[in-house]
Structure formats: C-alpha cells, structure tokens
>>> print(open('protein_16.cif').read())   # mmCIF, C-alpha atoms; chains and numbers go by the auth columns
data_run
#
loop_
_atom_site.group_PDB
_atom_site.id
_atom_site.type_symbol
_atom_site.label_atom_id
_atom_site.label_comp_id
_atom_site.label_asym_id
_atom_site.label_seq_id
_atom_site.Cartn_x
_atom_site.Cartn_y
_atom_site.Cartn_z
_atom_site.B_iso_or_equiv
_atom_site.auth_seq_id
_atom_site.auth_asym_id
ATOM 1 C CA MET A 1 -10.363 -3.651 -17.127 0.00 22 A
ATOM 2 C CA ASP A 2 -6.715 -2.567 -17.146 0.00 23 A
ATOM 3 C CA PRO A 3 -5.303 -3.721 -20.510 0.00 24 A
ATOM 4 C CA LEU A 4 -1.757 -3.193 -19.237 0.00 25 A
ATOM 5 C CA ALA A 5 -2.263 -5.875 -16.590 0.00 26 A
ATOM 6 C CA GLY A 6 -3.090 -8.392 -19.293 0.00 27 A
ATOM 7 C CA PRO A 7 -6.335 -10.060 -20.352 0.00 28 A
ATOM 8 C CA LEU A 8 -8.996 -10.344 -17.697 0.00 29 A
ATOM 9 C CA LEU A 9 -8.952 -13.934 -16.433 0.00 30 A
ATOM 10 C CA CYS A 10 -12.432 -13.873 -14.965 0.00 31 A
ATOM 11 C CA ASP A 11 -15.894 -12.951 -16.075 0.00 32 A
ATOM 12 C CA PRO A 12 -16.238 -9.158 -15.591 0.00 33 A
ATOM 13 C CA SER A 13 -19.256 -9.752 -13.374 0.00 34 A
ATOM 14 C CA ARG A 14 -17.026 -11.636 -10.893 0.00 35 A
ATOM 15 C CA LYS A 15 -14.208 -9.083 -10.722 0.00 36 A
ATOM 16 C CA ALA A 16 -15.514 -7.214 -7.650 0.00 37 A
ATOM 17 C CA GLU A 17 -16.209 -10.506 -5.876 0.00 38 A
ATOM 18 C CA LEU A 18 -12.675 -11.750 -6.551 0.00 39 A
ATOM 19 C CA GLU A 19 -11.140 -8.443 -5.461 0.00 40 A
ATOM 20 C CA ALA A 20 -12.978 -8.719 -2.145 0.00 41 A
ATOM 21 C CA ARG A 21 -11.879 -12.335 -1.698 0.00 42 A
ATOM 22 C CA ASN A 22 -8.285 -11.447 -2.557 0.00 43 A
ATOM 23 C CA GLY A 23 -8.377 -8.581 -0.061 0.00 44 A
ATOM 24 C CA ASP A 24 -9.348 -11.086 2.648 0.00 45 A
ATOM 25 C CA ASP A 25 -6.523 -13.368 1.484 0.00 46 A
ATOM 26 C CA GLN A 26 -4.060 -10.470 1.771 0.00 47 A
ATOM 27 C CA LEU A 27 -5.156 -9.989 5.384 0.00 48 A
ATOM 28 C CA ASP A 28 -4.680 -13.722 6.018 0.00 49 A
ATOM 29 C CA TYR A 29 -1.154 -13.482 4.584 0.00 50 A
ATOM 30 C CA ILE A 30 -0.359 -10.460 6.767 0.00 51 A
ATOM 31 C CA THR A 31 -1.755 -12.265 9.814 0.00 52 A
ATOM 32 C CA ASP A 32 0.440 -15.286 9.105 0.00 53 A
ATOM 33 C CA LEU A 33 3.554 -13.100 8.754 0.00 54 A
ATOM 34 C CA VAL A 34 2.844 -11.261 12.008 0.00 55 A
ATOM 35 C CA ASP A 35 1.982 -14.465 13.903 0.00 56 A
ATOM 36 C CA ARG A 36 5.281 -15.989 12.752 0.00 57 A
ATOM 37 C CA GLY A 37 7.165 -13.003 14.160 0.00 58 A
ATOM 38 C CA ALA A 38 8.013 -11.024 11.014 0.00 59 A
ATOM 39 C CA ARG A 39 9.397 -7.634 12.011 0.00 60 A
ATOM 40 C CA GLU A 40 11.012 -6.436 8.775 0.00 61 A
ATOM 41 C CA LEU A 41 9.592 -5.888 5.326 0.00 62 A
ATOM 42 C CA ARG A 42 11.002 -7.957 2.464 0.00 63 A
ATOM 43 C CA GLU A 43 10.790 -7.632 -1.294 0.00 64 A
ATOM 44 C CA SER A 44 9.111 -11.045 -1.349 0.00 65 A
ATOM 45 C CA HIS A 45 6.280 -9.619 0.791 0.00 66 A
ATOM 46 C CA VAL A 46 5.685 -6.912 -1.810 0.00 67 A
ATOM 47 C CA LEU A 47 5.573 -9.418 -4.665 0.00 68 A
ATOM 48 C CA THR A 48 3.343 -11.864 -2.797 0.00 69 A
ATOM 49 C CA LEU A 49 0.823 -9.214 -1.725 0.00 70 A
ATOM 50 C CA GLN A 50 0.510 -8.083 -5.340 0.00 71 A
ATOM 51 C CA GLU A 51 0.130 -11.649 -6.595 0.00 72 A
ATOM 52 C CA ILE A 52 -2.663 -12.225 -4.092 0.00 73 A
ATOM 53 C CA ALA A 53 -4.342 -8.920 -5.016 0.00 74 A
ATOM 54 C CA ILE A 54 -4.836 -9.892 -8.668 0.00 75 A
ATOM 55 C CA ARG A 55 -5.191 -13.673 -8.300 0.00 76 A
ATOM 56 C CA GLU A 56 -7.639 -15.073 -10.898 0.00 77 A
ATOM 57 C CA ILE A 57 -8.183 -11.519 -12.197 0.00 78 A
ATOM 58 C CA TYR A 58 -5.015 -10.654 -14.179 0.00 79 A
ATOM 59 C CA PRO A 59 -2.038 -12.799 -15.273 0.00 80 A
ATOM 60 C CA CYS A 60 0.737 -10.410 -14.137 0.00 81 A
ATOM 61 C CA GLY A 61 0.931 -11.618 -10.521 0.00 82 A
ATOM 62 C CA GLY A 62 4.272 -11.379 -8.733 0.00 83 A
ATOM 63 C CA ARG A 63 6.036 -9.671 -11.664 0.00 84 A
ATOM 64 C CA TYR A 64 7.169 -6.092 -12.076 0.00 85 A
ATOM 65 C CA ARG A 65 5.803 -4.152 -15.036 0.00 86 A
ATOM 66 C CA ASP A 66 7.888 -4.584 -18.166 0.00 87 A
ATOM 67 C CA ALA A 67 6.704 -1.711 -20.368 0.00 88 A
ATOM 68 C CA THR A 68 6.094 2.006 -19.896 0.00 89 A
ATOM 69 C CA LYS A 69 3.865 2.565 -22.914 0.00 90 A
ATOM 70 C CA GLY A 70 0.503 3.745 -21.714 0.00 91 A
ATOM 71 C CA VAL A 71 1.238 3.099 -18.024 0.00 92 A
ATOM 72 C CA PHE A 72 -0.029 5.962 -15.896 0.00 93 A
ATOM 73 C CA ILE A 73 -1.659 6.824 -12.582 0.00 94 A
ATOM 74 C CA GLN A 74 -5.217 7.976 -13.086 0.00 95 A
ATOM 75 C CA ASN A 75 -5.824 11.661 -12.256 0.00 96 A
ATOM 76 C CA SER A 76 -2.119 12.287 -11.705 0.00 97 A
ATOM 77 C CA LYS A 77 0.550 14.213 -13.610 0.00 98 A
ATOM 78 C CA HIS A 78 3.259 12.006 -12.131 0.00 99 A
ATOM 79 C CA LYS A 79 5.569 10.477 -14.734 0.00 100 A
ATOM 80 C CA LEU A 80 6.369 6.921 -13.744 0.00 101 A
ATOM 81 C CA PRO A 81 10.006 5.810 -13.442 0.00 102 A
ATOM 82 C CA ASP A 82 11.391 3.727 -16.264 0.00 103 A
ATOM 83 C CA VAL A 83 10.859 -0.021 -15.904 0.00 104 A
ATOM 84 C CA ALA A 84 14.632 -0.556 -15.743 0.00 105 A
ATOM 85 C CA PHE A 85 14.710 1.196 -12.359 0.00 106 A
ATOM 86 C CA VAL A 86 11.656 -0.467 -10.799 0.00 107 A
ATOM 87 C CA PRO A 87 13.387 -3.409 -9.030 0.00 108 A
ATOM 88 C CA SER A 88 16.070 -1.208 -7.482 0.00 109 A
ATOM 89 C CA LEU A 89 13.511 1.434 -6.463 0.00 110 A
ATOM 90 C CA VAL A 90 11.424 -1.213 -4.719 0.00 111 A
ATOM 91 C CA ARG A 91 14.481 -2.566 -2.881 0.00 112 A
ATOM 92 C CA ASP A 92 15.538 0.947 -1.888 0.00 113 A
ATOM 93 C CA ALA A 93 12.036 1.592 -0.515 0.00 114 A
ATOM 94 C CA VAL A 94 12.092 -1.655 1.468 0.00 115 A
ATOM 95 C CA ASP A 95 15.547 -0.773 2.853 0.00 116 A
ATOM 96 C CA TRP A 96 14.357 2.724 3.863 0.00 117 A
ATOM 97 C CA ILE A 97 11.338 1.300 5.707 0.00 118 A
ATOM 98 C CA ASN A 98 13.496 -1.201 7.596 0.00 119 A
ATOM 99 C CA ARG A 99 16.286 1.284 8.317 0.00 120 A
ATOM 100 C CA GLU A 100 14.205 4.202 9.610 0.00 121 A
ATOM 101 C CA THR A 101 13.355 2.571 12.931 0.00 122 A
ATOM 102 C CA GLY A 102 13.526 5.925 14.710 0.00 123 A
ATOM 103 C CA ARG A 103 10.393 6.991 12.860 0.00 124 A
ATOM 104 C CA SER A 104 6.910 5.953 13.949 0.00 125 A
ATOM 105 C CA ALA A 105 5.186 3.002 12.327 0.00 126 A
ATOM 106 C CA LEU A 106 2.601 5.412 10.892 0.00 127 A
ATOM 107 C CA GLU A 107 5.308 7.502 9.238 0.00 128 A
ATOM 108 C CA ARG A 108 6.979 4.451 7.718 0.00 129 A
ATOM 109 C CA ALA A 109 3.587 3.130 6.601 0.00 130 A
ATOM 110 C CA SER A 110 2.859 6.558 5.098 0.00 131 A
ATOM 111 C CA TYR A 111 6.118 6.406 3.181 0.00 132 A
ATOM 112 C CA ALA A 112 5.245 2.927 1.881 0.00 133 A
ATOM 113 C CA LEU A 113 1.744 3.959 0.837 0.00 134 A
ATOM 114 C CA TRP A 114 3.083 6.976 -1.035 0.00 135 A
ATOM 115 C CA ARG A 115 6.314 5.509 -2.423 0.00 136 A
ATOM 116 C CA PHE A 116 4.866 2.312 -3.858 0.00 137 A
ATOM 117 C CA ASN A 117 2.151 4.344 -5.561 0.00 138 A
ATOM 118 C CA TRP A 118 4.905 6.649 -6.865 0.00 139 A
ATOM 119 C CA ILE A 119 6.969 3.727 -8.209 0.00 140 A
ATOM 120 C CA HIS A 120 3.868 1.937 -9.541 0.00 141 A
ATOM 121 C CA PRO A 121 5.920 -1.257 -9.831 0.00 142 A
ATOM 122 C CA PHE A 122 3.214 -3.489 -11.274 0.00 143 A
ATOM 123 C CA ALA A 123 0.915 -3.509 -14.287 0.00 144 A
ATOM 124 C CA GLY A 124 -2.041 -4.082 -11.960 0.00 145 A
ATOM 125 C CA GLY A 125 -2.897 -4.147 -8.271 0.00 146 A
ATOM 126 C CA ASN A 126 -0.622 -1.282 -7.215 0.00 147 A
ATOM 127 C CA GLY A 127 -3.163 0.443 -4.996 0.00 148 A
ATOM 128 C CA ARG A 128 -4.283 -2.719 -3.213 0.00 149 A
ATOM 129 C CA THR A 129 -0.654 -3.772 -2.734 0.00 150 A
ATOM 130 C CA SER A 130 0.467 -0.434 -1.280 0.00 151 A
ATOM 131 C CA ARG A 131 -2.498 -0.321 1.108 0.00 152 A
ATOM 132 C CA ALA A 132 -1.767 -3.854 2.316 0.00 153 A
ATOM 133 C CA LEU A 133 1.921 -2.986 2.769 0.00 154 A
ATOM 134 C CA ALA A 134 1.042 0.009 4.935 0.00 155 A
ATOM 135 C CA TYR A 135 -1.105 -2.214 7.130 0.00 156 A
ATOM 136 C CA LEU A 136 1.619 -4.872 7.311 0.00 157 A
ATOM 137 C CA ILE A 137 4.138 -2.286 8.550 0.00 158 A
ATOM 138 C CA VAL A 138 1.820 -1.073 11.315 0.00 159 A
ATOM 139 C CA SER A 139 0.923 -4.629 12.334 0.00 160 A
ATOM 140 C CA MET A 140 4.567 -5.749 12.410 0.00 161 A
ATOM 141 C CA GLN A 141 5.428 -2.798 14.623 0.00 162 A
ATOM 142 C CA GLU A 142 2.626 -3.761 17.033 0.00 163 A
ATOM 143 C CA GLY A 143 3.540 -7.454 16.867 0.00 164 A
ATOM 144 C CA ARG A 144 -0.129 -8.338 16.458 0.00 165 A
ATOM 145 C CA MET A 145 -3.084 -7.793 14.191 0.00 166 A
ATOM 146 C CA LEU A 146 -5.123 -4.753 15.116 0.00 167 A
ATOM 147 C CA PRO A 147 -8.787 -5.195 16.108 0.00 168 A
ATOM 148 C CA GLY A 148 -11.735 -3.866 14.158 0.00 169 A
ATOM 149 C CA VAL A 149 -13.565 -4.410 10.891 0.00 170 A
ATOM 150 C CA PRO A 150 -13.340 -2.905 8.332 0.00 171 A
ATOM 151 C CA SER A 151 -9.548 -2.794 8.548 0.00 172 A
ATOM 152 C CA MET A 152 -7.265 0.024 7.502 0.00 173 A
ATOM 153 C CA PRO A 153 -6.775 -1.060 3.835 0.00 174 A
ATOM 154 C CA SER A 154 -10.543 -1.099 3.238 0.00 175 A
ATOM 155 C CA LEU A 155 -11.024 2.199 5.057 0.00 176 A
ATOM 156 C CA ILE A 156 -8.322 3.853 2.930 0.00 177 A
ATOM 157 C CA TYR A 157 -10.180 2.814 -0.201 0.00 178 A
ATOM 158 C CA GLU A 158 -13.537 3.919 1.210 0.00 179 A
ATOM 159 C CA HIS A 159 -12.069 7.387 1.871 0.00 180 A
ATOM 160 C CA ARG A 160 -10.156 7.554 -1.410 0.00 181 A
ATOM 161 C CA ASP A 161 -10.785 11.273 -2.037 0.00 182 A
ATOM 162 C CA GLU A 162 -8.997 12.087 1.209 0.00 183 A
ATOM 163 C CA TYR A 163 -6.399 9.439 0.351 0.00 184 A
ATOM 164 C CA ILE A 164 -5.669 11.028 -3.034 0.00 185 A
ATOM 165 C CA GLN A 165 -5.349 14.457 -1.421 0.00 186 A
ATOM 166 C CA ALA A 166 -2.756 13.049 0.986 0.00 187 A
ATOM 167 C CA LEU A 167 -0.836 11.416 -1.888 0.00 188 A
ATOM 168 C CA ARG A 168 -0.773 14.716 -3.772 0.00 189 A
ATOM 169 C CA ALA A 169 0.399 16.581 -0.678 0.00 190 A
ATOM 170 C CA VAL A 170 3.373 14.234 -0.288 0.00 191 A
ATOM 171 C CA ASP A 171 4.078 14.462 -4.036 0.00 192 A
ATOM 172 C CA GLU A 172 4.279 18.252 -3.715 0.00 193 A
ATOM 173 C CA SER A 173 6.490 17.923 -0.652 0.00 194 A
ATOM 174 C CA GLN A 174 8.779 15.611 -2.628 0.00 195 A
ATOM 175 C CA ARG A 175 9.128 18.184 -5.402 0.00 196 A
ATOM 176 C CA ILE A 176 10.070 20.843 -2.863 0.00 197 A
ATOM 177 C CA ALA A 177 12.505 18.478 -1.129 0.00 198 A
ATOM 178 C CA ASP A 178 14.166 17.604 -4.449 0.00 199 A
ATOM 179 C CA ALA A 179 14.622 21.309 -5.194 0.00 200 A
ATOM 180 C CA GLN A 180 16.208 21.934 -1.778 0.00 201 A
ATOM 181 C CA SER A 181 18.447 18.866 -1.699 0.00 202 A
ATOM 182 C CA THR A 182 22.158 19.126 -2.511 0.00 203 A
ATOM 183 C CA GLU A 183 25.024 16.668 -2.806 0.00 204 A
ATOM 184 C CA GLU A 184 25.839 17.313 0.850 0.00 205 A
ATOM 185 C CA ARG A 185 22.281 17.405 2.194 0.00 206 A
ATOM 186 C CA VAL A 186 19.220 15.332 1.323 0.00 207 A
ATOM 187 C CA VAL A 187 15.866 16.866 2.271 0.00 208 A
ATOM 188 C CA GLN A 188 13.134 14.370 3.080 0.00 209 A
ATOM 189 C CA PRO A 189 9.551 14.925 1.951 0.00 210 A
ATOM 190 C CA ASP A 190 6.876 15.682 4.548 0.00 211 A
ATOM 191 C CA PHE A 191 4.780 12.579 5.251 0.00 212 A
ATOM 192 C CA SER A 192 2.599 14.228 7.889 0.00 213 A
ATOM 193 C CA PRO A 193 -0.488 14.618 5.625 0.00 214 A
ATOM 194 C CA MET A 194 -0.463 10.875 4.910 0.00 215 A
ATOM 195 C CA ALA A 195 0.386 9.967 8.516 0.00 216 A
ATOM 196 C CA GLY A 196 -2.538 12.051 9.723 0.00 217 A
ATOM 197 C CA PHE A 197 -4.833 10.351 7.237 0.00 218 A
ATOM 198 C CA LEU A 198 -3.690 6.876 8.305 0.00 219 A
ATOM 199 C CA ARG A 199 -4.138 7.799 11.961 0.00 220 A
ATOM 200 C CA ARG A 200 -7.751 8.735 11.253 0.00 221 A
ATOM 201 C CA MET A 201 -8.333 5.457 9.430 0.00 222 A
ATOM 202 C CA LEU A 202 -6.893 3.477 12.345 0.00 223 A
ATOM 203 C CA MET A 203 -9.083 5.382 14.767 0.00 224 A
ATOM 204 C CA ARG A 204 -12.101 4.379 12.679 0.00 225 A
ATOM 205 C CA GLN A 205 -10.954 0.759 12.780 0.00 226 A
ATOM 206 C CA PHE A 206 -10.526 0.872 16.576 0.00 227 A
ATOM 207 C CA ALA A 207 -13.901 2.583 16.971 0.00 228 A
ATOM 208 C CA ALA A 208 -15.494 -0.244 14.992 0.00 229 A
ATOM 209 C CA ALA A 209 -13.832 -2.768 17.313 0.00 230 A
ATOM 210 C CA ILE A 210 -15.279 -0.993 20.354 0.00 231 A
ATOM 211 C CA ASP A 211 -18.734 -0.910 18.743 0.00 232 A
ATOM 212 C CA GLN A 212 -18.479 -4.613 17.995 0.00 233 A
ATOM 213 C CA LEU A 213 -17.570 -5.355 21.612 0.00 234 A
ATOM 214 C CA GLY A 214 -20.645 -3.450 22.750 0.00 235 A
ATOM 215 C CA SER A 215 -23.007 -5.169 20.335 0.00 236 A
ATOM 216 C CA PRO A 216 -25.095 -8.094 21.609 0.00 237 A
ATOM 217 C CA SER A 217 -23.813 -11.466 20.442 0.00 238 A
ATOM 218 C CA GLN A 218 -25.924 -13.373 17.971 0.00 239 A
ATOM 219 C CA GLY A 219 -26.921 -16.735 19.336 0.00 240 A
#
>>> encode(input="protein_16.cif", output="structure tokens")
Amino acid sequence: MDPLAGPLLCDPSRKAELEARNGDDQLDYITDLVDRGARELRESHVLTLQEIAIREIYPCGGRYRDATKGVFIQNSKHKLPDVAFVPSLVRDAVDWINRETGRSALERASYALWRFNWIHPFAGGNGRTSRALAYLIVSMQEGRMLPGVPSMPSLIYEHRDEYIQALRAVDESQRIADAQSTEERVVQPDFSPMAGFLRRMLMRQFAAAIDQLGSPSQG
C-alpha cells in the first residue's frame, strides 16, 4: 500500500484484481478517444487516465499530489519537483508533446513516459498513467488501436528492469543537457534509449497479433 495515495479503499487481496480491471478500463478509454478522432493530448486525458488507474483502490483519483513529504520514486535518486510546480509542468509536457509533430510518435511517447515519471504528478498511479499516456500517443498518431495482446502498457511493466534502465538513461541525458544548455541554446535530452525500448515492446505486441492470427479459432 502507498500511504501517500491515501487509505486503501479495497481489501488488499483484491488490489491486483482491481489494477488489472482498471488497466482494461484505461485501454477502453484510449480506444474511445482514438475512435472519436482525438489527435492531440490534453491535460484532462492525463487526469482521467490516472483516475481510472486507481479507481476503487485509492481516493486520490484525478487530483495532483498536494504534499512533498515522503514522496519519492522507488530506487531513484531523483528529487521530485515541488507540488506548486506540478500543474504547470504537466501542461508544459502536454504542450511539448503536441508541438513536436516533427518527431516520431515513439519519440514523443518516450518523452511522455519519462517526463511524467520525472514529474510524478500524483500520489498514486503514476507508472500506470505514464504507460497509458505513451500508448495513447502512439495510437493517436496511427489513428487506430494497434493489434496484439498483451498491449504495450502491459509489456512495459512485464519488462520493468529494461524499462527502469531506459528511464535512468534519459535521466542521465537530461543532466548532461541541463549542464550544456545556455540562455541562448536549450539542449534536449536523448530519448533514444526509451524509444528503442518502446519499439521492442511494440514489436512484441505485433508478434503476438500475428501469432493470434495463426492460431486455430476456438469453436
């Protein structure tokens, strides 16, 4: 249990079951957005995906964290930004994703996956929200939901050691970029480690779709 997210609303024995259900509901929400023609990310999408992620598990759904005491990212030295900056950081991230249309969908999804983990805008559900956002960005770019089960968000979690390595690589790139940036020139971090990781996860999803097509139907 994450005490910062508030009291657990469910029996602990049901938490994994509810997380799985909520993950399916996130995919349904993404599908609805894509089917209705959404092509840009909105702050409301971020808040809704987080609310769905922790529904019936924690009471902090759809609200940014409001305290820094004790809030941290497990196995990370990253110091989280002050709560006062969270809303503006989220909006800046959304604006960057929508503005950088010259970049590939995978690069913008990589930025989202890294940046929303970096901001850690919520008391709970940050990882599940950032993974869903990355998938939403790729799906919006394609204009359709991508075939294959398990989908990219689940595959990211299943390969979390590789995922954490990619996050740390971008973190290090950000530190280098910050050191090289000046008032006249802003150096962007290198998202290629995360983009490469996401590409591999999508390839696994597509491979699963091909396997499913080749499997005999159950009558």
>>> closest_residue(input="protein_16.cif", among="A:Ala41, A:Ile185, A:Ala59, A:Leu54", to="A:Arg76", atoms="all atoms listed in the file")
A:Ala41
>>> resolve_selection(input="protein_16.cif", expression="the PyMOL selection byres ((chain A and resi 72) around 10)", output="list in words")
Asn43, Gln47, His66, Val67, Leu68, Thr69, Leu70, Gln71, Ile73, Ala74, Ile75, Arg76, Glu77, Tyr79, Pro80, Cys81, Gly82, Gly83, Arg84, Phe143, Gly145, Gly146 and Thr150 of chain A
>>> atom_distance(input="protein_16.cif", atom1="atom CA of A:Val111", atom2="atom CA of A:Trp139")
10.4 Å
>>> resolve_selection(input="protein_16.cif", expression="the PyMOL selection byres ((chain A and resi 129-132) around 8)", output="count of residues only")
20
>>> residues_around(input="protein_16.cif", residues="stretch 192-194 of chain A", least_positions_apart="2", cutoff="12 Å", atoms="all atoms listed in the file", output="ChimeraX atom specification")
/A:97-100,132,134-136,138-140,185-190,196-201,208-215
>>> atom_distance(input="protein_16.cif", atom1="atom CA of A:Ala88", atom2="atom CA of A:Phe137")
17.1 Å
>>> closest_residue(input="protein_16.cif", among="A:Leu29, A:Met166, A:Ile177, A:Leu39", to="A:Arg220", atoms="all atoms listed in the file")
A:Ile177
>>> resolve_selection(input="protein_16.cif", expression="the PyMOL selection byres ((chain A and resi 225) around 10)", output="ChimeraX atom specification")
/A:169-173,176,219-224,226-231
>>> closest_residue(input="protein_16.cif", among="A:Glu61, A:Gly148, A:Pro102, A:Thr52", to="A:Trp117", atoms="all atoms listed in the file")
A:Glu61
>>> residues_around(input="protein_16.cif", residues="A:Leu62", least_positions_apart="2", cutoff="7 Å", atoms="all atoms listed in the file", output="MDAnalysis selection string")
chainID A and resid 60 64 66 115 119
